[in-house]
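Data first, discussion second: the structure below is written as structure tokens.
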Amino acid sequence: MALWQRILAEPAALADDYEMLWQAQLSDPRSYFEDIRSKFNATHEPHFLLYLLARCVKAAVRYNRHGAFNQGADNRRLGAKPATMRARLAATSKALTGAMALTRDYTDALRSADLPDVVYMDPPYEGVSNTRDHRYMAGLSRERFVENLSDAIARDVSFILSYDGTTGTKSYGKPLTESLKLTHLHLYAGKSSQATLNGNTAHTVESLYLSPALVSRLGGVGQVMARLVPAEAEPTPLWA
Ligand SMILES: C[S@@+](CC[C@H](N)C(=O)[O-])C[C@H]1O[C@@H](n2cnc3c(N)ncnc32)[C@H](O)[C@@H]1O
């Protein structure tokens, strides 16, 4: 969230810091990454994290059980060029003008949503957070999550939720309960980076749920489907 706060408030200064790190790595990118990783773990400075995100393997963030970033560098790449990163940071900051980055439980944010708002939730996937494959520091209680969603639905909150999916023949988590009356879409999300890391090729299909209030705001399920035009060169998405 500290990184998001800098992206929102001072994208140009953050781009300067990134450029300084990116240039300084050039004589020895491999050991420079390790040096910055240690500095990030000691200080939690957001620009160090941005550099690690740009250089780490498959952009797959990993922390050890003590909360220290422990993913390695992709030594075939140097990370986005400073000009590219600068443009991305500026565009992101502009697109999110007026947004606030808060460090708090999602429950509070969801409770404070008003009718004109649209809430997007991207929680830890059940299938990877409550199993031995601990990709996140803490899982999410499904029971409490479903209660909070029911409450938001009863208050006509418009929300979009990414939750679980399938890669190849492997399915992550159970679909959300039908009693919530969510519209369940299956979106093709490209090649699975996790499978690539494991030396396999698999395609990921993610679940995207829309709340009843959002679907009716968009003119009903038919209108929602009509808006979802598959991008070229991708397999046809499988709508539920
Ligand atoms: C799938 S990741 C979201 C990734 C994010 N959309 C992005 O693009 O960077 C899930 C996030 O939910 C956070 N999280 C877990 N439990 C939470 C809670 N109770 N309230 C708010 N956030 C939580 C995790 O720390 C993790 O960063």
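The way I read the labels, and the way they are meant: chains A, B, ... in the order of the structure tokens, residue 1 as the first residue of every chain, and ligand 1 as the first ligand shown, with later ones counted on from there.
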
*Around ligand 1, at most 6 Å away and counting only C-alpha atoms and all ligand atoms, which residues are there? Put them as a list in words, please.*
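Using only C-alpha atoms and all ligand atoms, everything at most 6 Å from ligand 1 comes to Arg104, Asp105, Tyr106, Asp122, Pro123, Pro124 and Leu140 of chain A.
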
Residues from last step as file, C-alpha atoms, as a PDB file, in the first residue's frame:
ATOM      1  CA  ARG A 104      -7.354  -1.980   6.335  1.00  0.00           C
ATOM      2  CA  ASP A 105      -9.521  -5.054   6.319  1.00  0.00           C
ATOM      3  CA  TYR A 106     -11.709  -5.319   3.203  1.00  0.00           C
ATOM      4  CA  ASP A 122      -9.367  -9.613  -5.782  1.00  0.00           C
ATOM      5  CA  PRO A 123      -9.001 -11.687  -2.610  1.00  0.00           C
ATOM      6  CA  PRO A 124      -6.556 -14.535  -2.022  1.00  0.00           C
ATOM      7  CA  LEU A 140      -9.457 -15.633   3.939  1.00  0.00           C
TER       8      LEU A 140
END

Report task. Identify all residues of range 23-211 of chain A in strand (DSSP E or B) (DSSP on the backbone) and supply them as a PyMOL selection string. Result -> chain A and resi 56+63+69+73+118-121+158-167+170-171+183-191+203-210

Students should find that CA of Arg30 in chain A and CA of Ala90 in chain A are spaced 28.0 Å

Could you pull out all residues of range 6-187 of chain A with a DSSP call of helix (DSSP H, G or I) and give them as a ChimeraX atom specification? /A:6-9,11-24,29-43,46-55,57-59,82-95,106-111,126-129,142-154,178-180

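Between Thr92 in chain A and the residues A:Asp16, A:Asp114, A:Glu206, A:Glu10, the shortest atom-to-atom distance, using only C-alpha atoms, involves A:Glu10.
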
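For Arg62 in chain A, the non-local neighbours within 6 Å, defined as residues at least 6 positions apart in the same chain or in other chains and counting only C-alpha atoms, are A:Phe69, A:Asn70, A:Gln71.
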
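Computed from the coordinates, the CA of Ala73 in chain A to CA of Val57 in chain A distance equals 5.4 Å.
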
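Interatomic distance, CA of Tyr188 in chain A to CA of Ser207 in chain A: 9.0 Å.
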
In terms of only C-alpha atoms, the residue from A:Asp108, A:Asp117, A:Asp28, A:Asp17 at minimal distance from Leu78 in chain A is A:Asp28
